[in-house]
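Enquirer: my_file_12.cif (mmCIF, C-alpha atoms) pasted underneath:
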data_run
loop_
_atom_site.label_atom_id
_atom_site.label_comp_id
_atom_site.auth_asym_id
_atom_site.auth_seq_id
_atom_site.Cartn_x
_atom_site.Cartn_y
_atom_site.Cartn_z
CA MET A 8 -27.27 78.20 37.39
CA GLN A 9 -28.65 75.26 39.40
CA LYS A 10 -31.78 75.04 37.24
CA ILE A 11 -29.60 74.75 34.13
CA LYS A 12 -27.42 72.09 35.76
CA ASP A 13 -30.45 70.08 36.87
CA THR A 14 -32.03 70.28 33.42
CA VAL A 15 -28.84 69.29 31.63
CA GLY A 16 -28.42 66.39 34.04
CA ASN A 17 -31.79 65.00 32.98
CA ILE A 18 -30.89 64.84 29.27
CA LYS A 19 -30.32 61.21 28.35
CA VAL A 20 -28.99 59.49 25.26
CA LEU A 21 -31.62 58.13 22.88
CA ASP A 22 -33.04 54.69 23.65
CA GLN A 23 -31.35 52.42 21.09
CA ALA A 24 -33.70 49.51 21.84
CA ALA A 25 -36.69 51.67 20.92
CA ILE A 26 -34.96 52.82 17.74
CA LYS A 27 -34.27 49.20 16.80
CA LYS A 28 -37.90 48.29 17.47
CA ALA A 29 -39.06 51.21 15.33
CA GLN A 30 -36.75 50.11 12.52
CA SER A 31 -38.19 46.59 12.64
CA LYS A 32 -41.74 47.92 12.48
CA LEU A 33 -40.93 50.26 9.59
CA ASP A 34 -39.27 47.41 7.69
CA ASN A 35 -42.46 45.35 7.94
CA LEU A 36 -44.79 48.02 6.54
CA THR A 37 -46.25 47.62 3.05
CA LYS A 38 -43.45 49.38 1.17
CA PRO A 39 -39.91 48.69 -0.03
CA LEU A 40 -37.28 48.99 2.70
CA GLY A 41 -36.38 52.61 3.45
CA SER A 42 -38.59 53.94 0.67
CA LEU A 43 -40.03 56.76 2.80
CA GLY A 44 -36.57 58.12 3.56
CA ARG A 45 -36.48 60.97 6.08
CA LEU A 46 -40.01 60.19 7.27
CA GLU A 47 -38.74 56.88 8.57
CA GLU A 48 -35.64 58.45 10.10
CA LEU A 49 -37.77 61.01 11.96
CA ALA A 50 -40.08 58.31 13.31
CA LYS A 51 -37.09 56.34 14.59
CA GLN A 52 -35.48 59.39 16.15
CA ILE A 53 -38.61 60.33 18.08
CA SER A 54 -39.10 56.71 19.16
CA GLY A 55 -35.61 56.89 20.63
CA MET A 56 -36.53 60.05 22.50
CA HIS A 57 -39.64 58.48 24.03
CA GLY A 58 -38.11 55.07 24.62
CA SER A 59 -41.17 53.45 23.04
CA LEU A 60 -43.38 53.44 19.95
CA ASP A 61 -46.46 54.36 21.96
CA PHE A 62 -46.79 58.11 21.41
CA SER A 63 -48.45 60.75 19.26
CA LEU A 64 -47.66 64.34 18.33
CA THR A 65 -51.11 65.77 19.02
CA ASN A 66 -50.07 68.66 21.28
CA LYS A 67 -47.91 70.92 19.16
CA VAL A 68 -46.50 74.12 20.69
CA ILE A 69 -44.55 76.97 19.11
CA PHE A 70 -42.69 79.18 21.57
CA THR A 71 -42.18 82.63 20.05
CA LEU A 72 -39.90 84.70 22.29
CA ALA A 73 -39.22 88.41 21.90
CA GLY A 74 -36.37 90.67 22.91
CA ASP A 75 -34.71 93.92 21.87
CA HIS A 76 -31.04 94.53 21.15
CA GLY A 77 -28.77 97.46 21.93
CA ILE A 78 -26.84 96.85 18.72
CA ALA A 79 -29.88 98.18 16.81
CA GLU A 80 -28.65 101.70 17.50
CA GLU A 81 -25.75 101.04 15.14
CA GLY A 82 -28.08 100.91 12.13
CA VAL A 83 -27.80 97.17 11.38
CA SER A 84 -31.54 96.63 10.72
CA ALA A 85 -33.95 97.96 8.11
CA PHE A 86 -36.71 98.34 10.72
CA PRO A 87 -36.94 100.61 13.79
CA GLN A 88 -36.71 98.98 17.23
CA GLU A 89 -40.34 99.68 18.16
CA VAL A 90 -41.40 97.01 15.65
CA THR A 91 -40.45 94.34 18.20
CA ALA A 92 -43.21 95.39 20.62
CA GLN A 93 -45.65 96.00 17.76
CA MET A 94 -45.11 92.48 16.47
CA VAL A 95 -45.65 91.00 19.94
CA TYR A 96 -49.13 92.53 19.89
CA ASN A 97 -49.60 91.10 16.40
CA PHE A 98 -48.73 87.63 17.73
CA LEU A 99 -51.18 88.03 20.61
CA ASN A 100 -53.89 89.17 18.20
CA CYS A 101 -53.21 86.12 15.99
CA GLY A 102 -52.36 88.20 12.93
CA ALA A 103 -48.75 87.19 12.23
CA GLY A 104 -47.30 84.60 9.89
CA ILE A 105 -46.65 82.19 12.75
CA ASN A 106 -50.29 82.40 13.85
CA VAL A 107 -51.48 81.45 10.37
CA LEU A 108 -49.07 78.53 9.99
CA ALA A 109 -49.61 77.33 13.55
CA ARG A 110 -53.36 77.16 12.89
CA HIS A 111 -52.60 75.33 9.66
CA VAL A 112 -50.78 72.52 11.49
CA GLY A 113 -52.87 72.57 14.66
CA ALA A 114 -50.25 74.11 16.96
CA ARG A 115 -50.72 76.66 19.70
CA VAL A 116 -48.42 79.67 19.98
CA VAL A 117 -46.95 80.69 23.32
CA VAL A 118 -45.55 84.24 23.22
CA GLY A 119 -42.90 85.30 25.73
CA ASP A 120 -41.36 88.68 26.55
CA LEU A 121 -37.73 87.97 27.45
CA GLY A 122 -36.43 91.48 26.94
CA VAL A 123 -38.67 93.79 24.93
CA LYS A 124 -37.90 97.47 25.37
CA GLY A 125 -40.69 99.08 27.40
CA GLU A 126 -43.64 97.55 29.21
CA LEU A 127 -46.21 95.68 27.16
CA GLU A 128 -49.92 95.84 27.99
CA ASP A 129 -51.58 92.46 28.32
CA LYS A 130 -55.02 92.77 29.88
CA ASP A 131 -55.98 89.21 28.90
CA LYS A 132 -52.83 87.69 30.43
CA ARG A 133 -51.89 85.95 27.18
CA LEU A 134 -48.27 87.11 27.22
CA LYS A 135 -45.70 85.18 29.24
CA ILE A 136 -43.61 87.81 31.02
CA LYS A 137 -40.05 86.62 31.65
CA LYS A 138 -38.32 89.93 31.02
CA VAL A 139 -34.66 89.87 31.99
CA ALA A 140 -34.14 93.55 31.10
CA PRO A 141 -35.63 96.02 28.57
CA GLY A 142 -33.25 95.03 25.80
CA THR A 143 -29.58 94.11 25.75
CA LYS A 144 -26.69 96.58 25.81
CA ASN A 145 -24.88 97.61 22.64
CA MET A 146 -22.33 94.81 22.27
CA CYS A 147 -20.03 97.07 20.27
CA LYS A 148 -19.46 99.10 23.43
CA GLU A 149 -19.99 96.66 26.31
CA PRO A 150 -21.15 93.10 26.91
CA ALA A 151 -24.71 92.52 25.74
CA MET A 152 -25.66 91.36 29.24
CA THR A 153 -24.12 90.19 32.48
CA LYS A 154 -23.39 86.51 33.02
CA ASP A 155 -26.13 86.43 35.64
CA GLN A 156 -28.58 87.78 33.05
CA ALA A 157 -27.45 85.16 30.55
CA VAL A 158 -28.19 82.45 33.10
CA GLN A 159 -31.53 84.11 33.90
CA ALA A 160 -32.51 84.14 30.21
CA ILE A 161 -31.77 80.43 29.76
CA GLU A 162 -33.56 79.54 32.99
CA ALA A 163 -36.55 81.63 31.89
CA GLY A 164 -36.82 79.43 28.81
CA ILE A 165 -36.69 76.31 30.96
CA GLU A 166 -39.46 77.76 33.14
CA LEU A 167 -41.61 78.61 30.12
CA PHE A 168 -41.44 75.03 28.88
CA GLU A 169 -42.16 73.51 32.28
CA GLU A 170 -45.06 75.89 32.95
CA GLU A 171 -46.66 74.95 29.64
CA LEU A 172 -46.31 71.20 30.28
CA SER A 173 -49.59 71.09 32.18
CA ASN A 174 -51.39 72.09 28.96
CA GLY A 175 -49.77 69.19 27.10
CA ILE A 176 -46.65 69.22 24.94
CA ASP A 177 -45.78 66.44 22.48
CA ILE A 178 -43.54 68.45 20.16
CA VAL A 179 -42.04 71.94 20.41
CA GLY A 180 -41.08 74.52 17.81
CA THR A 181 -38.85 77.52 18.48
CA GLY A 182 -39.43 81.01 17.15
CA GLU A 183 -38.47 84.59 17.94
CA MET A 184 -38.94 88.26 17.28
CA GLY A 185 -36.34 90.95 17.90
CA ILE A 186 -35.27 93.78 15.64
CA ALA A 187 -31.52 93.40 14.86
CA ASN A 188 -31.34 89.87 16.28
CA THR A 189 -29.59 88.41 13.24
CA THR A 190 -26.59 90.49 14.32
CA PRO A 191 -26.04 88.82 17.71
CA SER A 192 -26.94 85.50 16.09
CA SER A 193 -24.14 85.96 13.57
CA ALA A 194 -21.77 86.85 16.39
CA ILE A 195 -22.76 83.71 18.34
CA VAL A 196 -22.29 81.45 15.32
CA ALA A 197 -18.91 83.03 14.54
CA ALA A 198 -17.78 82.77 18.16
CA ILE A 199 -18.68 79.10 18.54
CA THR A 200 -17.93 77.69 15.07
CA LYS A 201 -14.90 79.94 14.43
CA ALA A 202 -16.21 80.64 10.92
CA LYS A 203 -15.49 84.06 9.41
CA VAL A 204 -18.08 86.76 10.09
CA VAL A 205 -18.33 87.59 6.39
CA ASP A 206 -19.21 83.95 5.64
CA ILE A 207 -21.96 83.90 8.27
CA THR A 208 -23.65 87.27 8.07
CA GLY A 209 -26.74 87.83 5.93
CA ARG A 210 -29.02 90.77 5.24
CA GLY A 211 -31.58 90.03 7.95
CA THR A 212 -34.66 92.17 7.31
CA GLY A 213 -33.33 93.16 3.88
CA ILE A 214 -30.73 95.82 4.56
CA ASN A 215 -28.98 97.63 1.70
CA ASP A 216 -25.34 97.19 0.70
CA GLN A 217 -24.08 100.02 2.90
CA SER A 218 -25.85 98.67 5.99
CA PHE A 219 -24.69 95.15 5.20
CA VAL A 220 -21.02 96.20 5.19
CA LEU A 221 -21.63 98.11 8.43
CA LYS A 222 -23.27 95.05 10.00
CA ILE A 223 -20.26 92.85 9.28
CA LYS A 224 -17.93 95.51 10.66
CA LYS A 225 -19.92 95.87 13.88
CA ILE A 226 -19.99 92.12 14.50
CA GLU A 227 -16.24 91.92 13.96
CA GLU A 228 -15.73 94.85 16.33
CA ALA A 229 -17.84 93.20 19.05
CA LEU A 230 -16.02 89.88 18.75
CA ALA A 231 -12.61 91.58 18.83
CA LEU A 232 -13.62 93.65 21.85
CA HIS A 233 -15.01 90.82 23.98
CA GLN A 234 -13.14 87.70 22.77
CA PRO A 235 -15.93 85.28 23.77
CA ASP A 236 -14.81 81.80 24.82
CA SER A 237 -16.10 79.36 22.18
CA ILE A 238 -16.50 76.49 24.65
CA ASP A 239 -18.26 78.57 27.32
CA ALA A 240 -21.88 79.07 26.24
CA ILE A 241 -22.67 81.49 29.06
CA ASP A 242 -19.67 83.63 28.16
CA VAL A 243 -20.69 83.77 24.49
CA LEU A 244 -24.33 84.55 25.27
CA SER A 245 -23.47 87.25 27.80
CA LYS A 246 -21.00 89.05 25.56
CA VAL A 247 -22.73 88.97 22.16
CA GLY A 248 -26.14 87.34 22.61
CA GLY A 249 -29.78 88.25 23.20
CA PHE A 250 -32.34 87.51 25.87
CA GLU A 251 -34.76 85.75 23.52
CA ILE A 252 -31.85 83.69 22.17
CA GLY A 253 -31.00 82.56 25.68
CA GLY A 254 -34.66 81.79 26.34
CA LEU A 255 -34.86 79.59 23.26
CA SER A 256 -31.76 77.72 24.41
CA GLY A 257 -33.51 77.03 27.70
CA ILE A 258 -36.59 75.70 25.92
CA MET A 259 -34.40 73.35 23.89
CA LEU A 260 -32.66 72.02 27.00
CA ALA A 261 -35.96 71.58 28.84
CA ALA A 262 -37.55 69.79 25.89
CA ALA A 263 -34.65 67.35 25.73
CA ALA A 264 -34.80 66.78 29.48
CA HIS A 265 -38.49 65.88 29.09
CA LYS A 266 -37.84 63.61 26.07
CA THR A 267 -39.69 65.96 23.75
CA PRO A 268 -38.69 66.63 20.13
CA VAL A 269 -37.78 70.26 19.52
CA VAL A 270 -38.04 71.65 16.00
CA ILE A 271 -35.44 74.33 15.35
CA ASP A 272 -36.68 77.16 13.14
CA GLY A 273 -34.32 79.52 11.34
CA PHE A 274 -31.04 81.34 11.88
CA ILE A 275 -31.76 82.86 15.28
CA SER A 276 -33.08 79.54 16.56
CA GLY A 277 -29.96 77.95 15.09
CA ALA A 278 -27.79 80.31 17.14
CA ALA A 279 -29.80 79.44 20.23
CA ALA A 280 -29.32 75.76 19.42
CA LEU A 281 -25.56 76.32 19.37
CA ILE A 282 -25.74 77.77 22.89
CA ALA A 283 -27.74 74.75 24.09
CA TYR A 284 -25.45 72.34 22.26
CA THR A 285 -22.35 73.93 23.79
CA LEU A 286 -23.90 73.54 27.24
CA GLU A 287 -24.81 69.88 26.60
CA PRO A 288 -24.04 68.13 23.28
CA LYS A 289 -26.63 65.37 23.94
CA VAL A 290 -29.37 67.95 23.34
CA LYS A 291 -28.66 67.60 19.61
CA ASP A 292 -30.35 64.19 19.51
CA TYR A 293 -33.65 65.85 20.47
CA MET A 294 -33.33 68.59 17.86
CA ILE A 295 -34.86 68.46 14.40
CA ALA A 296 -33.83 71.19 11.96
CA ALA A 297 -37.00 72.49 10.31
CA HIS A 298 -35.43 74.19 7.31
CA CYS A 299 -32.38 75.96 5.95
CA SER A 300 -32.78 79.72 6.10
CA VAL A 301 -31.76 82.23 3.45
CA GLU A 302 -29.37 83.53 6.13
CA LYS A 303 -26.14 81.81 5.07
CA GLY A 304 -24.87 81.37 8.61
CA HIS A 305 -27.73 79.01 9.35
CA ARG A 306 -26.20 76.22 7.27
CA ILE A 307 -22.87 76.70 9.07
CA ALA A 308 -24.58 76.38 12.45
CA LEU A 309 -26.53 73.28 11.42
CA ASP A 310 -23.46 71.62 9.92
CA TYR A 311 -21.49 72.30 13.09
CA MET A 312 -24.10 70.39 15.10
CA GLY A 313 -24.62 67.71 12.47
CA LEU A 314 -28.27 68.62 11.84
CA LYS A 315 -29.89 68.07 8.45
CA PRO A 316 -32.78 70.44 7.59
CA ILE A 317 -36.09 69.02 6.37
CA LEU A 318 -37.16 71.94 4.15
CA ASP A 319 -35.45 74.50 1.92
CA LEU A 320 -38.05 77.12 1.04
CA ASP A 321 -36.00 80.36 1.05
CA LEU A 322 -37.58 81.35 4.37
CA ARG A 323 -36.19 84.17 6.51
CA LEU A 324 -39.14 85.40 8.58
CA GLY A 325 -38.43 83.65 11.85
CA GLU A 326 -41.25 83.62 14.43
CA GLY A 327 -41.26 79.80 14.27
CA THR A 328 -42.82 79.69 10.81
CA GLY A 329 -40.43 77.08 9.43
CA ALA A 330 -40.83 74.98 12.56
CA ALA A 331 -44.60 74.97 12.16
CA LEU A 332 -44.36 73.81 8.54
CA ALA A 333 -41.88 71.05 9.42
CA MET A 334 -44.11 69.76 12.22
CA SER A 335 -46.62 68.47 9.69
CA ILE A 336 -43.91 66.44 7.96
CA ILE A 337 -42.56 65.09 11.24
CA GLU A 338 -46.05 64.06 12.32
CA ALA A 339 -46.53 62.37 8.95
CA GLY A 340 -43.48 60.19 9.63
CA VAL A 341 -44.87 59.13 13.00
CA LYS A 342 -48.28 58.37 11.51
CA ILE A 343 -46.67 56.25 8.80
CA MET A 344 -45.03 54.11 11.48
CA ASN A 345 -48.16 53.85 13.62
CA GLU A 346 -50.96 53.66 11.06
CA MET A 347 -49.62 52.00 7.92
CA ALA A 348 -50.47 48.31 7.44
CA THR A 349 -47.85 45.58 7.69
CA PHE A 350 -47.39 42.95 4.99
CA ASP A 351 -49.03 40.35 7.21
CA SER A 352 -52.03 42.46 8.24
CA ALA A 353 -52.71 43.57 4.66
CA GLY A 354 -52.15 40.14 3.11
CA VAL A 355 -49.44 41.54 0.81
CA SER A 356 -46.48 39.42 -0.23
CA ASN A 357 -43.18 40.68 1.15
CA GLN A 358 -40.01 41.09 -0.89
CA GLU A 359 -37.79 38.04 -1.08
#
The structure given in the file should be rewritten as structure tokens.
Expert:
Amino acid sequence: MQKIKDTVGNIKVLDQAAIKKAQSKLDNLTKPLGSLGRLEELAKQISGMHGSLDFSLTNKVIFTLAGDHGIAEEGVSAFPQEVTAQMVYNFLNCGAGINVLARHVGARVVVGDLGVKGELEDKDKRLKIKKVAPGTKNMCKEPAMTKDQAVQAIEAGIELFEEELSNGIDIVGTGEMGIANTTPSSAIVAAITKAKVVDITGRGTGINDQSFVLKIKKIEEALALHQPDSIDAIDVLSKVGGFEIGGLSGIMLAAAAHKTPVVIDGFISGAAALIAYTLEPKVKDYMIAAHCSVEKGHRIALDYMGLKPILDLDLRLGEGTGAALAMSIIEAGVKIMNEMATFDSAGVSNQE
């Protein structure tokens, strides 16, 4: 737990002087005041993170973490559990959606095994092994993990971020893979926000009506059985969470501690963000919501934290795909601030 405490202790409030300086610069660019909307807001927010206007977003990293879930045995997913491991290999072979979109925006993908069932072969040492256990327990019957494992998962995410720092990180995106992981994500969102399970739960991989009703029932059963404490992130994660979800929370905390913007992907990343936010609310200032997922609980999670998504493209793939797309827009906002001419430099008359 000490690593989490140390990381949380290094998360500072945004530098208001830098934000004010960014606002002044944006107001003097060759455009009407505020005419580039969210692009300007993003540039100011990231200036506040850095405490200066002297930065770029060249080194983009998407962390895609994988883990399996005991709840899958209840029939809450349309895909068999072995797909988790199969997709990890797809990530490593650069054939998945996140690989395509990461290449598109010039980001590198870091793949981590936080709790995939079985041992994965990785002769080229491209996979980051941080396995807490080979999948969580079935949360309908027992806690998904122990509290020590919940701490280990979060600290594994912190370690992943810090280990990758030597390769350069200017902006981070979060992504995941784990068959049935929308189920623990729904449970986390319900536990922390107190919203009704039926108002949070979506169809995940595209389950039919019968499986959808079953999914809601199983989440309600797990919450009733364990009664997770909404203000205790470790308690929530241990009782109804997932190892990759905990890992993503750790990455978010570490990014904030290192004054690095972290782009939150979809619903599962949103659940992880809630865990991080419950541990330390200041982390929210370093979060940027990439998009609003088709999963209806995602909007509830974002609203709870006061995060406004950039995109709304009916995405529900995960992996970090939405985060990758949003990175290009975020970088555009920073480039506007740093590269656009001022009225004086361009010889353009300012508004009266």
Enquirer: Considering all atoms listed in the file, return as a VMD selection string whatever protein or nucleic-acid residues lie within 9 Å of A:Tyr284, sequence-local ones (same chain, fewer than 6 positions apart) excluded.
Expert: chain A and resid 240 256 260 290 to 291 312
Enquirer: Go through the shown structure with the PyMOL selection byres ((chain A and resi 140) around 8) and write out the matching residues as a PDB file with C-alpha atoms, in the frame of the given file.
Expert:
ATOM      1  CA  LEU A 121     -37.730  87.970  27.450  1.00  0.00           C
ATOM      2  CA  GLY A 122     -36.430  91.480  26.940  1.00  0.00           C
ATOM      3  CA  VAL A 123     -38.670  93.790  24.930  1.00  0.00           C
ATOM      4  CA  LYS A 124     -37.900  97.470  25.370  1.00  0.00           C
ATOM      5  CA  LYS A 138     -38.320  89.930  31.020  1.00  0.00           C
ATOM      6  CA  VAL A 139     -34.660  89.870  31.990  1.00  0.00           C
ATOM      7  CA  PRO A 141     -35.630  96.020  28.570  1.00  0.00           C
ATOM      8  CA  GLY A 142     -33.250  95.030  25.800  1.00  0.00           C
ATOM      9  CA  THR A 143     -29.580  94.110  25.750  1.00  0.00           C
TER      10      THR A 143
END
Enquirer: Rank A:Phe62, A:Phe98, A:Phe274, A:Phe219 by their smallest atom-to-atom distance to A:Gly304, using only C-alpha atoms, and report the top residue only.
Expert: A:Phe274
Enquirer: Work out how far atom CA of A:Arg210 is from atom CA of A:Phe86, in Å to one decimal.
Expert: 12.1 Å
Enquirer: Applying the PyMOL selection byres ((chain A and resi 163) around 10) to the file I just gave you, which residues come out? Please list them as a compact mmCIF listing (two decimals) with C-alpha atoms, in the coordinates of the input.
Expert:
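As written to disk, part.txt reads:
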# COMPACT_ATOMS: atom_id res chain seq x y z
CA LYS A 10 -31.78 75.04 37.24
CA GLY A 119 -42.90 85.30 25.73
CA LEU A 121 -37.73 87.97 27.45
CA ILE A 136 -43.61 87.81 31.02
CA LYS A 137 -40.05 86.62 31.65
CA LYS A 138 -38.32 89.93 31.02
CA VAL A 139 -34.66 89.87 31.99
CA ALA A 157 -27.45 85.16 30.55
CA VAL A 158 -28.19 82.45 33.10
CA GLN A 159 -31.53 84.11 33.90
CA ALA A 160 -32.51 84.14 30.21
CA ILE A 161 -31.77 80.43 29.76
CA GLU A 162 -33.56 79.54 32.99
CA GLY A 164 -36.82 79.43 28.81
CA ILE A 165 -36.69 76.31 30.96
CA GLU A 166 -39.46 77.76 33.14
CA LEU A 167 -41.61 78.61 30.12
CA PHE A 168 -41.44 75.03 28.88
CA GLU A 169 -42.16 73.51 32.28
CA PHE A 250 -32.34 87.51 25.87
CA GLU A 251 -34.76 85.75 23.52
CA GLY A 253 -31.00 82.56 25.68
CA GLY A 254 -34.66 81.79 26.34
CA LEU A 255 -34.86 79.59 23.26
CA SER A 256 -31.76 77.72 24.41
CA GLY A 257 -33.51 77.03 27.70
CA ILE A 258 -36.59 75.70 25.92
Enquirer: Taking all atoms listed in the file into account, which of A:Asp239, A:Ile337, A:Ser276, A:Asn66 comes nearest A:Ser173?
Expert: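 Of A:Asp239, A:Ile337, A:Ser276, A:Asn66, the one nearest A:Ser173 is A:Asn66, counting all atoms listed in the file.
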Enquirer: Separation of atom CA of A:Leu314 and atom CA of A:Thr14, in Å?
Expert: 22.0 Å
Enquirer: Sort by chain and increasing residue number a table of all residues of stretch 246-344 of chain A within 10 Å of stretch 44-48 of chain A, each with its closest pair of atoms and their distance in Å to one decimal, counting all atoms listed in the file, and write it as a tab-separated table.
Expert:
residue	atom	partner	partner_atom	distance
A:Lys315	CA	A:Arg45	CA	10.0
A:Ile317	CA	A:Arg45	CA	8.1
A:Ile336	CA	A:Leu46	CA	7.4
A:Ile337	CA	A:Leu46	CA	6.8
A:Glu338	CA	A:Leu46	CA	8.8
A:Ala339	CA	A:Leu46	CA	7.1
A:Gly340	CA	A:Leu46	CA	4.2
A:Val341	CA	A:Leu46	CA	7.6
A:Lys342	CA	A:Leu46	CA	9.5
A:Ile343	CA	A:Leu46	CA	7.9
A:Met344	CA	A:Glu47	CA	7.5
Enquirer: Restricted to C-alpha atoms, what would the selected residues look like written as a PDB file, keeping the file's coordinate frame?
Expert:
ATOM      1  CA  LYS A 315     -29.890  68.070   8.450  1.00  0.00           C
ATOM      2  CA  ILE A 317     -36.090  69.020   6.370  1.00  0.00           C
ATOM      3  CA  ILE A 336     -43.910  66.440   7.960  1.00  0.00           C
ATOM      4  CA  ILE A 337     -42.560  65.090  11.240  1.00  0.00           C
ATOM      5  CA  GLU A 338     -46.050  64.060  12.320  1.00  0.00           C
ATOM      6  CA  ALA A 339     -46.530  62.370   8.950  1.00  0.00           C
ATOM      7  CA  GLY A 340     -43.480  60.190   9.630  1.00  0.00           C
ATOM      8  CA  VAL A 341     -44.870  59.130  13.000  1.00  0.00           C
ATOM      9  CA  LYS A 342     -48.280  58.370  11.510  1.00  0.00           C
ATOM     10  CA  ILE A 343     -46.670  56.250   8.800  1.00  0.00           C
ATOM     11  CA  MET A 344     -45.030  54.110  11.480  1.00  0.00           C
TER      12      MET A 344
END
Enquirer: Take the PyMOL selection byres ((chain A and resi 174-179) around 8), apply it to the structure above, and return the hits as a PyMOL selection string.
Expert: chain A and resi 63-70+171-173+180-181+262+267-270
Enquirer: Can you tell me how far atom CA of A:Gly125 sits from atom CA of A:Gly74, in Å to one decimal?
Expert: 10.5 Å
Enquirer: Do a neighbour search on stretch 193-205 of chain A at 6 Å with all atoms listed in the file, toss out local chain neighbours closer than 5 positions, and write the hits as a compact mmCIF listing (two decimals) with C-alpha atoms, keeping the file's coordinate frame.
Expert:
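Okay, result38.txt is ready:
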# COMPACT_ATOMS: atom_id res chain seq x y z
CA ILE A 226 -19.99 92.12 14.50
CA SER A 237 -16.10 79.36 22.18
CA ALA A 278 -27.79 80.31 17.14
Enquirer: Using only C-alpha atoms for the distances, tell me which of A:Asn357, A:Gln30, A:Gln23, A:Asn106 is nearest to A:Gly327.
Expert: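 Result for the nearest residue to A:Gly327: A:Asn106.
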Enquirer: Using all atoms listed in the file, can you tell me which of A:Thr190, A:Asn215, A:Thr153, A:Thr285 comes closest to A:Glu80?
Expert: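 Answer, going by the shortest atom-to-atom distance: A:Thr190.
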